[in-house]
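**Q** Sending over data-v3.tsv (TSV, C-alpha atoms and all ligand atoms).
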chain	number	residue	atom	x	y	z
A	1	MET	CA	-52.39	46.35	58.58
A	2	ASN	CA	-50.03	47.90	56.04
A	3	SER	CA	-50.57	51.58	55.25
A	4	LEU	CA	-51.80	52.43	51.75
A	5	SER	CA	-48.37	53.49	50.50
A	6	GLN	CA	-46.81	50.22	51.73
A	7	ARG	CA	-49.26	48.11	49.73
A	8	LEU	CA	-47.91	46.95	46.37
A	9	PRO	CA	-49.71	47.51	43.09
A	10	ILE	CA	-51.11	44.06	42.32
A	11	LEU	CA	-50.81	44.83	38.59
A	12	ASP	CA	-47.02	44.72	39.00
A	13	SER	CA	-47.22	41.02	39.96
A	14	SER	CA	-46.85	38.44	37.22
A	15	SER	CA	-49.32	35.54	37.31
A	16	GLN	CA	-46.51	33.31	38.52
A	17	SER	CA	-45.60	35.54	41.46
A	18	LEU	CA	-49.27	35.91	42.38
A	19	GLU	CA	-49.62	32.13	42.35
A	20	GLU	CA	-46.59	31.82	44.62
A	21	TRP	CA	-48.03	34.41	46.96
A	22	CYS	CA	-51.35	32.52	47.12
A	23	VAL	CA	-49.56	29.27	47.95
A	24	ALA	CA	-47.51	31.05	50.64
A	25	HIS	CA	-50.84	32.19	52.11
A	26	ASP	CA	-52.23	28.65	52.35
A	27	GLN	CA	-54.33	28.90	49.19
A	28	PRO	CA	-54.32	26.80	46.04
A	29	ALA	CA	-52.41	28.41	43.13
A	30	TYR	CA	-55.58	28.66	41.01
A	31	ARG	CA	-56.81	31.46	43.26
A	32	ALA	CA	-54.37	33.75	41.42
A	33	GLY	CA	-56.30	33.08	38.20
A	34	GLN	CA	-59.56	33.90	39.96
A	35	VAL	CA	-58.14	37.22	41.16
A	36	ARG	CA	-56.99	38.06	37.63
A	37	ARG	CA	-60.39	37.22	36.17
A	38	TRP	CA	-62.04	39.57	38.64
A	39	ILE	CA	-59.67	42.37	37.72
A	40	PHE	CA	-59.48	41.92	33.95
A	41	GLY	CA	-62.69	40.12	33.06
A	42	LYS	CA	-65.24	41.32	35.55
A	43	ARG	CA	-63.88	44.83	36.08
A	44	VAL	CA	-64.08	44.64	39.84
A	45	GLY	CA	-63.03	47.85	41.62
A	46	ASP	CA	-61.66	46.41	44.88
A	47	PHE	CA	-60.74	43.15	46.61
A	48	ALA	CA	-63.91	43.18	48.72
A	49	GLY	CA	-65.96	42.69	45.55
A	50	MET	CA	-64.25	39.36	44.68
A	51	HIS	CA	-67.15	37.34	46.08
A	52	ASP	CA	-66.01	33.80	45.40
A	53	LEU	CA	-62.70	34.18	47.27
A	54	PRO	CA	-62.46	33.10	50.91
A	55	ALA	CA	-62.79	36.03	53.31
A	56	LYS	CA	-59.31	35.38	54.70
A	57	LEU	CA	-57.75	35.65	51.23
A	58	ARG	CA	-59.61	38.89	50.54
A	59	ALA	CA	-58.30	40.30	53.82
A	60	ASP	CA	-54.73	39.17	53.01
A	61	LEU	CA	-54.97	40.73	49.54
A	62	LEU	CA	-56.20	43.99	51.02
A	63	ASP	CA	-53.34	44.02	53.49
A	64	LYS	CA	-50.66	43.39	50.90
A	65	TYR	CA	-51.89	44.95	47.66
A	66	ARG	CA	-53.55	47.91	45.97
A	67	LEU	CA	-55.51	47.56	42.74
A	68	PHE	CA	-55.16	51.11	41.38
A	69	THR	CA	-52.59	53.75	42.32
A	70	ALA	CA	-53.63	56.70	40.11
A	71	ARG	CA	-56.80	58.73	40.06
A	72	VAL	CA	-58.81	60.16	37.20
A	73	SER	CA	-58.12	63.87	37.11
A	74	ALA	CA	-60.06	64.71	33.91
A	75	HIS	CA	-62.35	62.84	31.53
A	76	GLN	CA	-63.18	64.32	28.12
A	77	ILE	CA	-65.62	62.97	25.55
A	78	ALA	CA	-65.41	64.15	21.93
A	79	SER	CA	-68.32	64.44	19.54
A	80	ASP	CA	-67.13	61.26	17.73
A	81	ARG	CA	-67.26	59.43	21.14
A	82	THR	CA	-63.48	59.35	21.48
A	83	GLU	CA	-62.75	59.59	25.21
A	84	LYS	CA	-59.62	60.77	26.95
A	85	LEU	CA	-58.57	60.26	30.55
A	86	LEU	CA	-55.98	62.36	32.32
A	87	LEU	CA	-54.60	60.24	35.18
A	88	LYS	CA	-52.85	61.72	38.18
A	89	LEU	CA	-50.17	59.27	39.30
A	90	ALA	CA	-49.29	58.61	42.94
A	91	ASP	CA	-46.32	61.02	42.75
A	92	GLY	CA	-48.42	63.84	41.27
A	93	HIS	CA	-47.38	63.49	37.61
A	94	PHE	CA	-49.95	63.20	34.84
A	95	VAL	CA	-50.38	60.85	31.88
A	96	GLU	CA	-53.08	60.43	29.26
A	97	CYS	CA	-54.88	57.49	27.72
A	98	VAL	CA	-57.53	57.44	25.03
A	99	LEU	CA	-60.45	55.27	23.92
A	100	MET	CA	-61.22	55.33	20.19
A	101	ARG	CA	-64.41	53.79	18.82
A	102	GLU	CA	-64.91	52.38	15.36
A	103	PRO	CA	-67.82	50.21	14.27
A	104	LYS	CA	-66.09	46.93	15.09
A	105	ARG	CA	-63.18	48.09	17.19
A	106	ARG	CA	-62.54	49.62	20.55
A	107	THR	CA	-58.94	50.77	20.63
A	108	VAL	CA	-57.10	52.05	23.67
A	109	CYS	CA	-54.02	54.25	23.31
A	110	VAL	CA	-51.61	54.19	26.27
A	111	SER	CA	-48.63	56.19	27.49
A	112	THR	CA	-45.36	54.60	28.60
A	113	GLN	CA	-43.43	57.51	30.14
A	114	VAL	CA	-44.12	60.79	31.92
A	115	GLY	CA	-43.03	63.11	29.10
A	116	CYS	CA	-40.57	62.09	26.39
A	117	ALA	CA	-36.85	62.55	25.77
A	118	MET	CA	-36.95	62.22	21.98
A	119	GLY	CA	-37.69	65.89	21.25
A	120	CYS	CA	-39.63	65.54	17.95
A	121	VAL	CA	-40.21	69.18	17.03
A	122	PHE	CA	-43.95	68.88	16.25
A	123	CYS	CA	-44.91	66.85	19.34
A	124	ALA	CA	-46.46	68.13	22.57
A	125	SER	CA	-45.21	65.20	24.68
A	126	GLY	CA	-41.54	66.15	24.47
A	127	LEU	CA	-41.91	69.85	25.20
A	128	MET	CA	-40.98	69.43	28.86
A	129	GLY	CA	-38.55	66.51	28.48
A	130	VAL	CA	-38.96	63.18	30.22
A	131	LYS	CA	-39.62	62.93	33.97
A	132	ARG	CA	-39.64	59.16	34.46
A	133	ASP	CA	-40.69	55.78	33.07
A	134	LEU	CA	-44.10	54.37	33.93
A	135	SER	CA	-44.25	51.08	35.82
A	136	THR	CA	-45.96	47.95	34.49
A	137	SER	CA	-48.91	48.57	36.80
A	138	GLU	CA	-49.26	52.19	35.65
A	139	ILE	CA	-49.41	51.02	32.03
A	140	LEU	CA	-51.98	48.32	32.82
A	141	GLU	CA	-54.05	50.68	34.95
A	142	GLN	CA	-54.58	52.97	31.96
A	143	ILE	CA	-56.03	50.07	29.97
A	144	LEU	CA	-58.27	48.90	32.79
A	145	ARG	CA	-59.53	52.43	33.46
A	146	VAL	CA	-60.38	52.88	29.78
A	147	ASP	CA	-62.06	49.46	29.69
A	148	ARG	CA	-64.26	50.57	32.59
A	149	LEU	CA	-65.55	53.56	30.58
A	150	MET	CA	-67.58	51.16	28.43
A	151	PRO	CA	-70.78	49.30	29.12
A	152	ARG	CA	-70.44	45.61	30.03
A	153	GLU	CA	-70.98	44.24	26.52
A	154	GLU	CA	-68.27	46.45	24.99
A	155	ARG	CA	-64.66	45.35	25.36
A	156	ILE	CA	-61.27	46.57	24.26
A	157	THR	CA	-60.35	44.88	20.97
A	158	ASN	CA	-57.07	46.65	20.13
A	159	LEU	CA	-54.22	48.41	21.86
A	160	VAL	CA	-51.92	51.04	20.40
A	161	VAL	CA	-48.85	52.04	22.38
A	162	MET	CA	-48.80	55.53	20.88
A	163	GLY	CA	-49.42	57.79	23.81
A	164	ILE	CA	-46.91	59.92	25.71
A	165	GLY	CA	-43.32	58.63	25.77
A	166	GLU	CA	-41.07	56.35	23.76
A	167	PRO	CA	-42.24	52.76	24.35
A	168	LEU	CA	-38.96	51.15	23.37
A	169	ALA	CA	-37.12	53.26	25.96
A	170	ASN	CA	-39.22	51.51	28.61
A	171	LEU	CA	-39.39	47.91	27.42
A	172	LYS	CA	-38.68	46.58	30.91
A	173	ALA	CA	-42.11	47.79	32.08
A	174	LEU	CA	-43.95	47.53	28.77
A	175	LEU	CA	-43.21	43.89	27.91
A	176	PRO	CA	-44.53	42.43	31.19
A	177	ALA	CA	-47.67	44.58	30.75
A	178	LEU	CA	-48.21	43.28	27.21
A	179	ASP	CA	-47.55	39.71	28.32
A	180	THR	CA	-50.22	40.08	31.01
A	181	LEU	CA	-52.75	41.42	28.47
A	182	ASN	CA	-51.92	38.50	26.19
A	183	GLU	CA	-52.68	35.87	28.82
A	184	LYS	CA	-56.03	34.13	28.92
A	185	GLY	CA	-56.60	35.42	32.44
A	186	GLY	CA	-55.69	38.94	31.22
A	187	LEU	CA	-57.75	40.70	28.55
A	188	GLY	CA	-56.83	37.99	26.05
A	189	LEU	CA	-55.57	40.60	23.60
A	190	GLY	CA	-53.55	38.79	20.94
A	191	ALA	CA	-50.20	40.22	19.84
A	192	ARG	CA	-51.70	40.96	16.42
A	193	ARG	CA	-54.12	43.37	18.03
A	194	ILE	CA	-51.33	45.30	19.69
A	195	THR	CA	-49.32	47.99	17.86
A	196	ILE	CA	-46.17	49.55	19.29
A	197	SER	CA	-45.08	52.86	17.82
A	198	THR	CA	-41.43	53.83	18.06
A	199	VAL	CA	-39.29	56.79	17.09
A	200	GLY	CA	-36.90	54.09	15.79
A	201	LEU	CA	-34.36	52.79	18.32
A	202	PRO	CA	-32.57	50.02	16.38
A	203	ASP	CA	-31.16	47.99	19.31
A	204	GLN	CA	-34.49	47.93	21.13
A	205	MET	CA	-36.33	47.06	17.89
A	206	ARG	CA	-34.10	43.99	17.69
A	207	THR	CA	-34.81	43.12	21.32
A	208	LEU	CA	-38.52	43.35	20.59
A	209	ALA	CA	-38.11	41.15	17.50
A	210	ARG	CA	-36.54	38.48	19.69
A	211	HIS	CA	-39.22	38.67	22.38
A	212	GLY	CA	-41.12	36.03	20.47
A	213	LYS	CA	-44.47	37.75	19.98
A	214	ALA	CA	-45.72	39.14	16.71
A	215	PHE	CA	-46.75	42.63	17.80
A	216	ASN	CA	-47.37	45.17	15.05
A	217	LEU	CA	-44.51	47.64	14.85
A	218	ALA	CA	-44.95	51.21	13.63
A	219	VAL	CA	-41.88	53.34	13.01
A	220	SER	CA	-42.25	57.12	13.13
A	221	LEU	CA	-40.15	58.06	10.11
A	222	HIS	CA	-41.51	61.53	9.22
A	223	ALA	CA	-38.71	62.26	6.73
A	224	PRO	CA	-37.12	60.37	3.82
A	225	ASN	CA	-33.50	61.51	4.36
A	226	ASP	CA	-31.19	62.03	7.33
A	227	GLU	CA	-30.71	65.75	6.74
A	228	LEU	CA	-34.40	66.50	7.18
A	229	ARG	CA	-35.02	63.80	9.80
A	230	ASN	CA	-32.19	65.18	11.97
A	231	GLU	CA	-34.17	68.43	12.13
A	232	LEU	CA	-37.64	66.97	12.75
A	233	VAL	CA	-36.66	64.01	14.92
A	234	PRO	CA	-33.41	65.03	16.66
A	235	ILE	CA	-32.65	61.54	18.05
A	236	ASN	CA	-32.03	60.58	14.41
A	237	LYS	CA	-28.54	62.13	14.68
A	238	SER	CA	-27.53	59.12	16.77
A	239	THR	CA	-29.48	56.45	14.87
A	240	GLY	CA	-29.72	57.39	11.18
A	241	ILE	CA	-32.44	56.14	8.84
A	242	GLU	CA	-30.44	53.26	7.37
A	243	ASN	CA	-29.92	51.61	10.77
A	244	ILE	CA	-33.60	51.94	11.57
A	245	LEU	CA	-34.67	50.41	8.26
A	246	ALA	CA	-32.24	47.51	8.76
A	247	ALA	CA	-33.67	46.83	12.25
A	248	ALA	CA	-37.21	47.04	10.84
A	249	ASP	CA	-36.30	44.52	8.13
A	250	GLU	CA	-35.06	42.19	10.86
A	251	TYR	CA	-38.28	42.73	12.77
A	252	PHE	CA	-40.22	41.60	9.71
A	253	GLU	CA	-37.98	38.56	9.20
A	254	CYS	CA	-38.36	37.46	12.84
A	255	THR	CA	-42.08	38.09	13.29
A	256	GLY	CA	-43.57	38.00	9.80
A	257	ARG	CA	-45.36	41.27	10.58
A	258	ARG	CA	-45.27	43.99	7.92
A	259	VAL	CA	-43.81	47.16	9.43
A	260	THR	CA	-45.79	50.40	9.25
A	261	TYR	CA	-44.01	53.70	8.71
A	262	GLU	CA	-45.75	56.72	10.19
A	263	TYR	CA	-45.26	60.06	8.51
A	264	VAL	CA	-46.77	63.30	9.83
A	265	LEU	CA	-47.28	65.66	6.92
A	266	LEU	CA	-46.01	69.13	7.85
A	267	SER	CA	-46.88	71.82	5.33
A	268	GLY	CA	-43.84	73.09	3.41
A	269	LEU	CA	-41.40	70.91	5.37
A	270	ASN	CA	-41.70	67.24	4.42
A	271	ASP	CA	-44.72	67.19	2.09
A	272	GLN	CA	-43.20	67.97	-1.32
A	273	ASP	CA	-43.13	65.70	-4.38
A	274	THR	CA	-39.39	65.10	-3.94
A	275	HIS	CA	-40.01	63.83	-0.38
A	276	ALA	CA	-42.71	61.45	-1.59
A	277	ARG	CA	-40.40	60.14	-4.32
A	278	GLN	CA	-37.50	59.64	-1.90
A	279	LEU	CA	-39.78	57.89	0.57
A	280	GLY	CA	-41.09	55.64	-2.20
A	281	ALA	CA	-37.52	54.82	-3.24
A	282	ILE	CA	-36.37	53.72	0.25
A	283	LEU	CA	-39.51	51.71	1.01
A	284	LYS	CA	-40.60	50.13	-2.27
A	285	HIS	CA	-38.45	47.01	-1.98
A	286	ARG	CA	-39.45	46.45	1.63
A	287	ASN	CA	-42.54	44.85	3.05
A	288	ALA	CA	-43.78	48.22	4.24
A	289	HIS	CA	-46.92	50.23	4.65
A	290	VAL	CA	-47.02	54.02	5.04
A	291	ASN	CA	-49.53	55.64	7.35
A	292	LEU	CA	-49.73	59.39	6.74
A	293	ILE	CA	-50.83	61.24	9.86
A	294	PRO	CA	-52.57	64.59	9.70
A	295	MET	CA	-50.75	67.07	11.97
A	296	ASN	CA	-52.67	67.70	15.18
A	297	GLY	CA	-52.41	71.36	16.13
A	298	VAL	CA	-50.31	72.01	19.24
A	299	SER	CA	-50.95	75.51	20.55
A	300	GLU	CA	-47.31	76.49	21.11
A	301	LEU	CA	-46.02	74.99	17.88
A	302	ALA	CA	-46.32	76.67	14.48
A	303	PHE	CA	-46.59	73.62	12.21
A	304	CYS	CA	-49.66	73.03	10.10
A	305	GLU	CA	-51.03	70.34	7.84
A	306	PRO	CA	-50.87	70.60	4.03
A	307	SER	CA	-53.91	71.24	1.83
A	308	ALA	CA	-56.06	68.28	0.77
A	309	PRO	CA	-54.76	68.37	-2.85
A	310	ARG	CA	-51.13	68.36	-1.60
A	311	THR	CA	-51.86	65.34	0.61
A	312	ARG	CA	-53.57	63.55	-2.30
A	313	GLN	CA	-50.60	64.18	-4.57
A	314	PHE	CA	-48.21	62.84	-1.89
A	315	VAL	CA	-50.31	59.67	-1.57
A	316	GLU	CA	-50.45	59.19	-5.35
A	317	ILE	CA	-46.68	59.45	-5.78
A	318	LEU	CA	-46.13	56.89	-3.03
A	319	GLN	CA	-48.69	54.51	-4.46
A	320	GLU	CA	-47.22	54.88	-7.95
A	321	SER	CA	-43.86	53.81	-6.53
A	322	GLY	CA	-45.57	50.66	-5.26
A	323	VAL	CA	-45.83	51.50	-1.55
A	324	ALA	CA	-49.11	50.73	0.21
A	325	THR	CA	-50.27	54.03	1.73
A	326	THR	CA	-53.17	55.09	3.92
A	327	VAL	CA	-54.10	58.40	5.55
A	328	ARG	CA	-55.01	58.11	9.22
A	329	LYS	CA	-58.45	59.25	10.23
A	330	ARG	CA	-58.46	62.07	12.73
A	331	LYS	CA	-60.10	61.18	16.05
A	332	GLY	CA	-61.24	63.29	18.96
A	333	ALA	CA	-60.42	66.55	17.22
A	334	ASP	CA	-62.37	68.62	19.75
A	335	ILE	CA	-60.67	67.29	22.91
A	336	ASP	CA	-57.00	68.37	22.84
A	337	ALA	CA	-56.48	65.45	20.49
A	338	ALA	CA	-52.72	65.71	20.05
A	339	CYS	CA	-51.46	63.36	22.67
A	340	GLY	CA	-49.74	65.06	25.54
A	341	GLN	CA	-51.58	68.38	25.28
A	342	LEU	CA	-53.84	67.92	28.27
A	343	ARG	CA	-50.97	66.74	30.45
A	344	LEU	CA	-48.86	69.67	29.29
A	345	LYS	CA	-51.54	72.15	30.31
A	346	ARG	CA	-51.92	70.51	33.71
A	347	GLU	CA	-48.17	70.19	34.46
A	348	ARG	CA	-47.63	73.79	33.30
A	349	SER	CA	-50.35	75.15	35.56
A	350	LEU	CA	-48.79	73.24	38.47
A	351	VAL	CA	-45.40	74.80	37.69
A	352	GLN	CA	-47.03	78.25	37.60
A	353	LEU	CA	-48.73	77.63	40.92
A	354	GLY	CA	-45.27	76.84	42.33
B	401	LIG	N1	-42.58	57.77	20.76
B	401	LIG	C1	-43.40	56.99	19.90
B	401	LIG	C2	-44.89	57.19	20.19
B	401	LIG	C3	-45.27	58.59	19.89
B	401	LIG	S1	-46.90	59.06	19.52
B	401	LIG	C4	-43.11	57.33	18.46
B	401	LIG	O1	-42.31	58.23	18.21
B	401	LIG	O2	-43.63	56.67	17.57
B	401	LIG	C5	-47.41	58.28	18.06
B	401	LIG	C6	-47.25	59.05	16.76
B	401	LIG	O3	-47.82	60.37	16.82
B	401	LIG	C7	-45.79	59.23	16.38
B	401	LIG	O4	-45.65	58.90	15.02
B	401	LIG	C8	-45.58	60.69	16.60
B	401	LIG	O5	-44.50	61.19	15.85
B	401	LIG	C9	-46.92	61.27	16.19
B	401	LIG	N2	-47.17	62.65	16.61
B	401	LIG	C10	-46.59	63.34	17.61
B	401	LIG	N3	-47.06	64.61	17.67
B	401	LIG	C11	-47.97	64.72	16.69
B	401	LIG	C12	-48.79	65.79	16.23
B	401	LIG	N4	-48.80	66.98	16.81
B	401	LIG	N5	-49.61	65.53	15.19
B	401	LIG	C13	-49.64	64.31	14.60
B	401	LIG	N6	-48.88	63.28	14.99
B	401	LIG	C14	-48.05	63.47	16.01
Could I get this file's structure written as structure tokens?

**A**
Amino acid sequence: MNSLSQRLPILDSSSQSLEEWCVAHDQPAYRAGQVRRWIFGKRVGDFAGMHDLPAKLRADLLDKYRLFTARVSAHQIASDRTEKLLLKLADGHFVECVLMREPKRRTVCVSTQVGCAMGCVFCASGLMGVKRDLSTSEILEQILRVDRLMPREERITNLVVMGIGEPLANLKALLPALDTLNEKGGLGLGARRITISTVGLPDQMRTLARHGKAFNLAVSLHAPNDELRNELVPINKSTGIENILAAADEYFECTGRRVTYEYVLLSGLNDQDTHARQLGAILKHRNAHVNLIPMNGVSELAFCEPSAPRTRQFVEILQESGVATTVRKRKGADIDAACGQLRLKRERSLVQLG
């Protein structure tokens, strides 16, 4: 019998490799589909619970694989029924994932890295840099754990890759995870129900465009000119807005999906009329949509959100320039809502404990 640490996360296996493994263990290939349906459809917690599999196969699975590798370290529920899980990974690092409920939607938000290397000045996730990429199984485990928070009749309808980390810096793990979710035997989540948010890495945006699936792409712009964006989003010094917009245009041409531009309004910094006008000017001839995000307070950062009239004025200017604009609803405000805050607290207290 293999020891626990020698067993492989089954969520790292593609359906094809699981089929091959079944055949190598004297089973028909369709058993792989049955295993997947137990994991994704019936929310089984271990191999022993997969009743319709032969006992020998269950024993072989148990010897070779593990279903989950992390454990739930904290579970918070906000007054609007937003729920957040803090997962402790096998190597002791933490990541967060969130369940957001709307009348007809159940959206899960996942992380793709432990920390983040992008260094956006208003974001909690980058405060301690990046430790490592998550694996495919660690990304999928977040989704399955969130799915299991809901009663049987409720299912995940949408996925946003907007948690901790820069998704496009970890495409090698993210794309297989999204492909698995897409499959019939997975959660059956169509590409149109999946949104990937990026700081704007042009080469990787082009790779994603060529992947052949029409995921929604959201670009975190946050400033309408390079001078200001270099300050707020330091990675911009090596990309520049023009390159990002060109890659986003290509994304639209390849996939037919309208690109969303995210813009966190920071009082006194990027929320003035001139910024709105500049933003309108660079986006109005594109097939674009602007999503203004209210700043989530991060305890060690001094940024704050503008007044309601200022926000309204910003929206009006953008709309007058012909750019579709929405303001994102705040969710889970009473549970360390800014992504990365809970993890930060936990990793910091570990550092302090030595
Ligand atoms: N690295 C990806 C995913 C980050 S999180 C990206 O840059 O898009 C998703 C969105 O939340 C990004 O637009 C990010 O800039 C924004 N964000 C980060 N910190 C925030 C805060 N404190 N308040 C509001 N939005 C924030």

**Q** Taking (-55.2, 41.3, 27.8) as a centre in this file's frame and 10 Å as the limit, can you find every polymer residue with an atom that close, using all atoms listed in the file, and give them as an MDAnalysis selection string?

**A** chainID A and resid 40:41 140 143:144 156:159 177:191 194

**Q** Counting all atoms listed in the file, figure out which residue out of A:Leu208, A:Arg148, A:Asp80, A:Gln6 gets nearest to Ile39 of chain A.

**A**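 Answer, going by the shortest atom-to-atom distance: A:Arg148.
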
**Q** Suppose you want the space between atom CA of Thr82 of chain A and atom C4 of ligand LIG 401 (chain B); what is it in Å?

**A**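 It comes out at 20.7 Å.
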
**Q** Would you mind listing what lies within 8 Å of segment 7-23 of chain A as JSON, numbers by chain, with only C-alpha atoms counted and same-chain residues fewer than 6 positions away left out?

**A** {"A": [29, 30, 31, 32, 33, 63, 64, 65, 66, 67, 68, 69, 135, 136, 137, 140, 141, 176, 180]}

**Q** For segment 88-105 of chain A, list every protein, DNA or RNA residue within 6 Å, evaluated using all atoms listed in the file, and leave out those in the same chain fewer than 2 positions away; present the list as a list in words.

**A**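 Here the qualifying residues turn out to be Thr69, Ala70, Arg71, Ser73, Thr82, Glu83, Lys84, Leu85, Leu86, Thr107, Val108, Cys109, Val110, Thr157 and Arg343 of chain A.
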
**Q** Considering only C-alpha atoms, can you say which of A:Asn291, A:Gln204, A:Thr195, A:Asn270 comes closest to Glu231 of chain A?

**A**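 Answer, going by the shortest atom-to-atom distance: A:Asn270.
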
**Q** Taking only residues of chain A that have an atom at most 7 Å from an atom of ligand LIG 401 (chain B), what is each one's shortest atom pair and its distance in Å to one decimal, using only C-alpha atoms and all ligand atoms, in chain and number order, as CSV?

**A**
residue,atom,partner,partner_atom,distance
A:Cys120,CA,B:LIG401,O5,6.9
A:Phe122,CA,B:LIG401,N4,5.2
A:Cys123,CA,B:LIG401,N3,3.5
A:Ala124,CA,B:LIG401,N3,6.1
A:Val161,CA,B:LIG401,C2,6.9
A:Met162,CA,B:LIG401,C5,4.2
A:Gly163,CA,B:LIG401,S1,5.1
A:Ile164,CA,B:LIG401,C3,6.2
A:Gly165,CA,B:LIG401,N1,5.1
A:Glu166,CA,B:LIG401,N1,3.6
A:Pro167,CA,B:LIG401,N1,6.2
A:Ser197,CA,B:LIG401,O2,4.1
A:Thr198,CA,B:LIG401,O2,3.6
A:Val199,CA,B:LIG401,O1,3.5
A:Ala218,CA,B:LIG401,O2,6.9
A:Val219,CA,B:LIG401,O2,5.9
A:Ser220,CA,B:LIG401,O4,4.3
A:Glu262,CA,B:LIG401,O4,5.3
A:Tyr263,CA,B:LIG401,O4,6.6
A:Val264,CA,B:LIG401,N6,5.6
A:Ile293,CA,B:LIG401,C13,5.8
A:Pro294,CA,B:LIG401,C13,5.7
A:Met295,CA,B:LIG401,N5,3.7
A:Asn296,CA,B:LIG401,N5,3.8
A:Gly297,CA,B:LIG401,N4,5.7
A:Val298,CA,B:LIG401,N4,5.8
A:Ala338,CA,B:LIG401,N4,5.2
A:Cys339,CA,B:LIG401,N3,6.8

**Q** Near Asp271 of chain A, within 8 Å and counting only C-alpha atoms, which residues show up once chain neighbours fewer than 3 positions away are dropped, as a list of chain:residue names?

**A**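 Residues near the query, excluding close chain neighbours: A:Leu265, A:Leu266, A:Ser267, A:Gly268, A:His275, A:Ala276, A:Pro306, A:Arg310, A:Thr311, A:Phe314.
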
**Q** Show which residues sit within 12 Å of Lys237 of chain A, as a ChimeraX atom specification. Count all atoms listed in the file, and ignore same-chain residues fewer than 3 positions away.

**A** /A:118-119,200-201,225-234,240-244

**Q** Hey, could you pull the box centre and edge lengths for segment 152-155 of chain A, axis-aligned, 8 Å padding per side, all listed atoms, to one decimal in Å, as lines of an AutoDock Vina configuration file?

**A**
center_x = -67.8
center_y = 45.3
center_z = 27.5
size_x = 22.3
size_y = 18.2
size_z = 21.0

**Q** Considering only C-alpha atoms, can you say which of A:Ala248, A:Cys254, A:Val259, A:Val290 comes closest to Ala223 of chain A?

**A** A:Val290

**Q** Between atom CA of Gly322 of chain A and atom CA of Glu253 of chain A, what is the spacing in Å?

**A**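 Going from atom CA of Glu253 of chain A over to atom CA of Gly322 of chain A, I get 20.3 Å.
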
**Q** Just the number, please: distance in Å from atom CA of Leu217 of chain A to atom CA of Leu245 of chain A, one decimal.

**A**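 Atom-to-atom, atom CA of Leu217 of chain A and atom CA of Leu245 of chain A are spaced 12.2 Å apart.
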
**Q** Mind completing segment 77-90 of chain A with N, CA and C atoms? Output as an mmCIF file, keeping the file's coordinate frame, please?

**A**
data_model
loop_
_atom_site.group_PDB
_atom_site.id
_atom_site.type_symbol
_atom_site.label_atom_id
_atom_site.label_comp_id
_atom_site.auth_asym_id
_atom_site.auth_seq_id
_atom_site.Cartn_x
_atom_site.Cartn_y
_atom_site.Cartn_z
ATOM 1 N N ILE A 77 -64.951 63.791 26.574
ATOM 2 C CA ILE A 77 -65.620 62.970 25.550
ATOM 3 C C ILE A 77 -65.811 63.845 24.308
ATOM 4 N N ALA A 78 -65.296 63.378 23.183
ATOM 5 C CA ALA A 78 -65.410 64.150 21.930
ATOM 6 C C ALA A 78 -66.720 63.840 21.231
ATOM 7 N N SER A 79 -67.047 64.654 20.228
ATOM 8 C CA SER A 79 -68.320 64.440 19.540
ATOM 9 C C SER A 79 -68.327 63.110 18.772
ATOM 10 N N ASP A 80 -67.146 62.569 18.398
ATOM 11 C CA ASP A 80 -67.130 61.260 17.730
ATOM 12 C C ASP A 80 -67.026 60.108 18.745
ATOM 13 N N ARG A 81 -67.255 60.394 20.020
ATOM 14 C CA ARG A 81 -67.260 59.430 21.140
ATOM 15 C C ARG A 81 -65.859 58.932 21.508
ATOM 16 N N THR A 82 -64.824 59.604 20.978
ATOM 17 C CA THR A 82 -63.480 59.350 21.480
ATOM 18 C C THR A 82 -63.428 59.886 22.909
ATOM 19 N N GLU A 83 -62.809 59.113 23.817
ATOM 20 C CA GLU A 83 -62.750 59.590 25.210
ATOM 21 C C GLU A 83 -61.304 59.641 25.652
ATOM 22 N N LYS A 84 -60.989 60.652 26.446
ATOM 23 C CA LYS A 84 -59.620 60.770 26.950
ATOM 24 C C LYS A 84 -59.634 60.887 28.453
ATOM 25 N N LEU A 85 -58.724 60.139 29.100
ATOM 26 C CA LEU A 85 -58.570 60.260 30.550
ATOM 27 C C LEU A 85 -57.229 60.889 30.857
ATOM 28 N N LEU A 86 -57.233 61.836 31.776
ATOM 29 C CA LEU A 86 -55.980 62.360 32.320
ATOM 30 C C LEU A 86 -55.844 61.723 33.697
ATOM 31 N N LEU A 87 -54.792 60.930 33.886
ATOM 32 C CA LEU A 87 -54.600 60.240 35.180
ATOM 33 C C LEU A 87 -53.543 60.964 35.987
ATOM 34 N N LYS A 88 -53.855 61.166 37.272
ATOM 35 C CA LYS A 88 -52.850 61.720 38.180
ATOM 36 C C LYS A 88 -52.191 60.554 38.911
ATOM 37 N N LEU A 89 -50.897 60.399 38.717
ATOM 38 C CA LEU A 89 -50.170 59.270 39.300
ATOM 39 C C LEU A 89 -49.903 59.533 40.785
ATOM 40 N N ALA A 90 -49.479 58.489 41.490
ATOM 41 C CA ALA A 90 -49.290 58.610 42.940
ATOM 42 C C ALA A 90 -48.296 59.717 43.299
#
